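Below is one structure; the comments refer to it alone.
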Amino acid sequence: QVQLVESGGGLVQAGGSLRLSCAGSGRTSLSGYAMGWFRPPPGKERGFVAAIRWTAGVTYYADSVKGRFTISRDIAKTTVSLQMNSLKPEDTAVYFCAAQFFTGGIPTTPESYNYWGQGTQVTVSS
(Lines give C-alpha, C1' and ligand atoms only; values in the text may rest on other atoms or scores of the structure.)
Protein backbone atom coordinates (compact mmCIF):
# COMPACT_ATOMS: atom_id res chain seq x y z
CA GLN A 1 0.00 0.00 0.00
CA VAL A 2 1.10 3.51 -0.83
CA GLN A 3 -0.42 6.60 0.74
CA LEU A 4 -0.11 9.90 -1.11
CA VAL A 5 -0.71 13.40 0.22
CA GLU A 6 -0.60 16.43 -2.06
CA SER A 7 0.15 19.99 -1.03
CA GLY A 8 1.02 23.32 -2.60
CA GLY A 9 -2.14 24.26 -4.43
CA GLY A 10 -3.60 27.74 -4.30
CA LEU A 11 -4.65 30.83 -6.21
CA VAL A 12 -2.29 32.52 -8.64
CA GLN A 13 -2.57 35.05 -11.44
CA ALA A 14 -2.04 34.05 -15.02
CA GLY A 15 1.65 33.93 -15.83
CA GLY A 16 2.53 33.01 -12.26
CA SER A 17 4.00 29.85 -10.78
CA LEU A 18 3.08 27.19 -8.25
CA ARG A 19 4.87 24.13 -6.97
CA LEU A 20 2.88 21.06 -6.01
CA SER A 21 4.29 18.31 -3.82
CA CYS A 22 3.17 14.76 -3.25
CA ALA A 23 4.53 12.90 -0.25
CA GLY A 24 4.48 9.12 -0.41
CA SER A 25 4.36 6.82 2.60
CA GLY A 26 3.68 3.18 3.38
CA ARG A 27 6.78 1.86 1.64
CA THR A 28 10.47 2.30 2.37
CA SER A 29 11.21 2.67 -1.34
CA LEU A 30 9.27 3.51 -4.48
CA SER A 31 11.77 1.75 -6.69
CA GLY A 32 9.95 0.34 -9.73
CA TYR A 33 7.07 2.77 -9.37
CA ALA A 34 5.80 5.39 -11.76
CA MET A 35 4.43 8.60 -10.27
CA GLY A 36 1.99 10.77 -12.13
CA TRP A 37 0.00 13.99 -11.91
CA PHE A 38 -3.51 14.20 -13.30
CA ARG A 39 -6.21 16.86 -13.53
CA PRO A 40 -9.80 16.44 -14.71
CA PRO A 41 -10.80 18.60 -17.68
CA PRO A 42 -14.26 20.11 -17.16
CA GLY A 43 -16.88 17.36 -17.35
CA LYS A 44 -14.36 14.63 -17.99
CA GLU A 45 -12.33 12.02 -16.18
CA ARG A 46 -8.85 12.74 -14.91
CA GLY A 47 -6.52 13.86 -17.67
CA PHE A 48 -2.80 13.14 -17.77
CA VAL A 49 -0.42 15.99 -16.92
CA ALA A 50 3.02 14.49 -16.26
CA ALA A 51 4.70 11.34 -14.98
CA ILE A 52 8.11 10.16 -13.85
CA ARG A 53 9.77 6.81 -13.39
CA TRP A 54 10.93 6.77 -9.79
CA THR A 55 14.26 4.97 -10.25
CA ALA A 56 15.49 6.25 -13.61
CA GLY A 57 13.92 9.71 -13.40
CA VAL A 58 12.57 9.48 -16.95
CA THR A 59 9.75 11.97 -17.47
CA TYR A 60 6.82 12.40 -19.82
CA TYR A 61 4.44 15.34 -20.28
CA ALA A 62 1.12 16.13 -21.86
CA ASP A 63 1.52 18.44 -24.85
CA SER A 64 -0.54 21.13 -23.11
CA VAL A 65 2.03 21.54 -20.31
CA LYS A 66 5.28 20.69 -22.07
CA GLY A 67 7.82 23.47 -21.59
CA ARG A 68 5.85 25.00 -18.71
CA PHE A 69 5.65 22.21 -16.12
CA THR A 70 8.47 20.14 -14.67
CA ILE A 71 8.03 16.93 -12.71
CA SER A 72 10.79 15.77 -10.38
CA ARG A 73 11.32 13.42 -7.46
CA ASP A 74 13.29 13.53 -4.23
CA ILE A 75 14.23 9.95 -3.46
CA ALA A 76 15.39 10.70 0.09
CA LYS A 77 12.10 12.42 0.95
CA THR A 78 9.90 10.04 -1.09
CA THR A 79 8.32 13.09 -2.67
CA VAL A 80 7.36 13.95 -6.22
CA SER A 81 6.91 17.59 -7.22
CA LEU A 82 5.31 19.45 -10.08
CA GLN A 83 6.75 22.88 -10.79
CA MET A 84 4.20 24.84 -12.79
CA ASN A 85 5.32 28.01 -14.57
CA SER A 86 3.57 30.36 -16.98
CA LEU A 87 0.23 29.26 -15.62
CA LYS A 88 -2.91 29.85 -17.66
CA PRO A 89 -6.56 30.06 -16.58
CA GLU A 90 -7.17 26.75 -18.35
CA ASP A 91 -4.73 25.10 -15.93
CA THR A 92 -7.33 25.62 -13.19
CA ALA A 93 -8.27 22.21 -11.79
CA VAL A 94 -7.89 19.85 -8.87
CA TYR A 95 -4.52 18.15 -9.31
CA PHE A 96 -4.14 14.55 -8.21
CA CYS A 97 -0.96 12.63 -7.53
CA ALA A 98 -0.91 8.93 -8.44
CA ALA A 99 1.46 5.99 -8.04
CA GLN A 100 1.72 2.51 -9.46
CA PHE A 101 4.32 -0.23 -9.63
CA PHE A 102 5.00 -0.52 -13.33
CA THR A 103 7.51 -2.77 -15.02
CA GLY A 104 7.99 -0.85 -18.26
CA GLY A 105 7.32 2.50 -19.85
CA ILE A 106 5.45 5.40 -18.29
CA PRO A 107 1.71 4.94 -17.81
CA THR A 108 -0.34 7.97 -18.85
CA THR A 109 -3.90 6.80 -18.26
CA PRO A 110 -5.63 7.10 -14.88
CA GLU A 111 -6.71 3.46 -15.15
CA SER A 112 -3.04 2.44 -14.94
CA TYR A 113 -2.69 3.80 -11.40
CA ASN A 114 -4.05 2.23 -8.24
CA TYR A 115 -2.87 4.70 -5.61
CA TRP A 116 -4.18 8.27 -5.48
CA GLY A 117 -3.93 11.29 -3.28
CA GLN A 118 -6.87 13.41 -2.20
CA GLY A 119 -6.12 16.22 -4.65
CA THR A 120 -5.12 19.85 -4.31
CA GLN A 121 -6.90 22.81 -5.93
CA VAL A 122 -5.07 25.07 -8.35
CA THR A 123 -6.87 28.22 -9.47
CA VAL A 124 -5.39 30.54 -12.06
CA SER A 125 -7.09 33.92 -12.43
CA SER A 126 -7.01 35.90 -15.64
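Identifiers for the C-alpha coordinates are assigned positionally: chains receive A, B, ... in sequence, residues are indexed from 1 per chain, and ligands are indexed from 1 in the order shown.
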
Would you write out, as CSV, a table of all residues in region 15-83 of chain A that have an atom no more than 9 Å from an atom of region 108-120 of chain A, listing for each the closest atom pair and the distance in Å to one decimal, considering only C-alpha atoms and ordering rows by chain and rising residue number?
residue,atom,partner,partner_atom,distance
A:Leu20,CA,A:Thr120,CA,8.3
A:Cys22,CA,A:Gly117,CA,7.9
A:Ala34,CA,A:Tyr113,CA,8.6
A:Met35,CA,A:Tyr113,CA,8.7
A:Gly36,CA,A:Thr108,CA,7.6
A:Phe38,CA,A:Pro110,CA,7.6
A:Arg39,CA,A:Gly119,CA,8.9
A:Glu45,CA,A:Pro110,CA,8.4
A:Arg46,CA,A:Pro110,CA,6.5
A:Gly47,CA,A:Pro110,CA,7.4
A:Phe48,CA,A:Thr108,CA,5.8
A:Val49,CA,A:Thr108,CA,8.2
A:Ala50,CA,A:Thr108,CA,7.8
A:Ala51,CA,A:Thr108,CA,7.2
A:Tyr60,CA,A:Thr108,CA,8.5
A:Tyr61,CA,A:Thr108,CA,8.9
A:Ala62,CA,A:Thr108,CA,8.8

Please write the residues from the selection above to a file, keeping N, CA and C atoms, as an mmCIF file, in the first residue's frame.
data_model
loop_
_atom_site.group_PDB
_atom_site.id
_atom_site.type_symbol
_atom_site.label_atom_id
_atom_site.label_comp_id
_atom_site.auth_asym_id
_atom_site.auth_seq_id
_atom_site.Cartn_x
_atom_site.Cartn_y
_atom_site.Cartn_z
ATOM 1 N N LEU A 20 3.627 22.080 -6.721
ATOM 2 C CA LEU A 20 2.880 21.058 -6.008
ATOM 3 C C LEU A 20 3.825 19.969 -5.518
ATOM 4 N N CYS A 22 3.913 15.969 -3.572
ATOM 5 C CA CYS A 22 3.168 14.760 -3.245
ATOM 6 C C CYS A 22 4.089 13.883 -2.408
ATOM 7 N N ALA A 34 5.991 4.181 -10.979
ATOM 8 C CA ALA A 34 5.796 5.389 -11.757
ATOM 9 C C ALA A 34 4.903 6.323 -10.938
ATOM 10 N N MET A 35 5.213 7.592 -10.986
ATOM 11 C CA MET A 35 4.433 8.600 -10.267
ATOM 12 C C MET A 35 3.877 9.574 -11.293
ATOM 13 N N GLY A 36 2.597 9.894 -11.162
ATOM 14 C CA GLY A 36 1.985 10.772 -12.135
ATOM 15 C C GLY A 36 1.158 11.875 -11.500
ATOM 16 N N PHE A 38 -2.336 14.154 -12.443
ATOM 17 C CA PHE A 38 -3.510 14.197 -13.300
ATOM 18 C C PHE A 38 -4.397 15.371 -12.886
ATOM 19 N N ARG A 39 -5.201 15.840 -13.829
ATOM 20 C CA ARG A 39 -6.207 16.855 -13.531
ATOM 21 C C ARG A 39 -7.410 16.579 -14.405
ATOM 22 N N GLU A 45 -13.139 12.735 -17.150
ATOM 23 C CA GLU A 45 -12.330 12.015 -16.183
ATOM 24 C C GLU A 45 -10.952 12.668 -16.070
ATOM 25 N N ARG A 46 -10.165 12.164 -15.174
ATOM 26 C CA ARG A 46 -8.853 12.742 -14.914
ATOM 27 C C ARG A 46 -7.976 12.657 -16.140
ATOM 28 N N GLY A 47 -7.392 13.788 -16.511
ATOM 29 C CA GLY A 47 -6.518 13.864 -17.672
ATOM 30 C C GLY A 47 -5.063 13.875 -17.254
ATOM 31 N N PHE A 48 -4.227 13.268 -18.061
ATOM 32 C CA PHE A 48 -2.805 13.145 -17.767
ATOM 33 C C PHE A 48 -2.110 14.501 -17.860
ATOM 34 N N VAL A 49 -1.221 14.763 -16.913
ATOM 35 C CA VAL A 49 -0.424 15.987 -16.922
ATOM 36 C C VAL A 49 1.060 15.647 -17.101
ATOM 37 N N ALA A 50 1.598 14.825 -16.202
ATOM 38 C CA ALA A 50 3.022 14.486 -16.256
ATOM 39 C C ALA A 50 3.257 13.235 -15.440
ATOM 40 N N ALA A 51 4.355 12.543 -15.734
ATOM 41 C CA ALA A 51 4.704 11.344 -14.980
ATOM 42 C C ALA A 51 6.211 11.170 -14.978
ATOM 43 N N TYR A 60 7.688 12.296 -18.651
ATOM 44 C CA TYR A 60 6.817 12.397 -19.823
ATOM 45 C C TYR A 60 5.746 13.423 -19.502
ATOM 46 N N TYR A 61 5.375 14.247 -20.506
ATOM 47 C CA TYR A 61 4.436 15.338 -20.282
ATOM 48 C C TYR A 61 3.322 15.343 -21.319
ATOM 49 N N ALA A 62 2.178 15.841 -20.906
ATOM 50 C CA ALA A 62 1.123 16.132 -21.856
ATOM 51 C C ALA A 62 1.555 17.323 -22.699
#

(request) Considering only C-alpha atoms, return as a PyMOL selection string whatever protein or nucleic-acid residues lie within 12 Å of Ala76 (chain A), sequence-local ones (same chain, fewer than 4 positions apart) excluded. (result) chain A and resi 23-25+28-31+54-55+80

(request) Just list the residues in chain A DSSP gives strand (DSSP E) on the backbone, as a ChimeraX atom specification. (result) /A:3-7,10-13,18-25,33-39,47-53,59-61,69-74,79-84,93-101,115-116,120-125

(request) For Ser126 (chain A), please output as a VMD selection string all residues within 7 Å (counting only C-alpha atoms; exclusion window: fewer than 3 positions along the same chain). (result) chain A and resid 13 to 14 89

(message) Between CA of Thr79 (chain A) and CA of Gly15 (chain A), what distance in Å does the model show, to one decimal?
(response) 25.5 Å

(request) Rank nothing, just name the residue among A:Val5, A:Gln121, A:Val65, A:Gly16 nearest to Cys97 (chain A), using only C-alpha atoms. (result) A:Val5

I'd like to know which residues of chain A are helix (DSSP H, G or I) (by DSSP, run on the backbone); could you write them as a short mmCIF file (atom, residue, chain, number, x, y, z; two decimals) with N, CA and C atoms, in the first residue's frame?
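Printed below is out.cif as written:
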data_model
loop_
_atom_site.label_atom_id
_atom_site.label_comp_id
_atom_site.auth_asym_id
_atom_site.auth_seq_id
_atom_site.Cartn_x
_atom_site.Cartn_y
_atom_site.Cartn_z
N PRO A 89 -5.26 30.35 -17.20
CA PRO A 89 -6.56 30.06 -16.58
C PRO A 89 -7.04 28.64 -16.86
N GLU A 90 -6.73 28.11 -18.03
CA GLU A 90 -7.17 26.75 -18.35
C GLU A 90 -6.43 25.68 -17.58
N ASP A 91 -5.40 26.06 -16.82
CA ASP A 91 -4.73 25.10 -15.93
C ASP A 91 -5.49 24.92 -14.62
N PRO A 110 -5.30 7.24 -16.30
CA PRO A 110 -5.63 7.10 -14.88
C PRO A 110 -5.92 5.65 -14.50
N GLU A 111 -6.40 4.85 -15.45
CA GLU A 111 -6.71 3.46 -15.15
C GLU A 111 -5.46 2.65 -14.81
N SER A 112 -4.30 3.16 -15.18
CA SER A 112 -3.04 2.44 -14.94
C SER A 112 -2.55 2.60 -13.51
#

(request) Using only C-alpha atoms, pick whichever of A:Ser64, A:Thr103, A:Thr123, A:Ser17 has the shortest atom-to-atom distance to Gln83 (chain A). (result) A:Ser17

(request) Grab the CA of Phe102 (chain A) to CA of Arg27 (chain A) distance for me, in Å with one decimal place. (result)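 Computing the Euclidean distance for CA of Phe102 (chain A) and CA of Arg27 (chain A) yields 15.3 Å.
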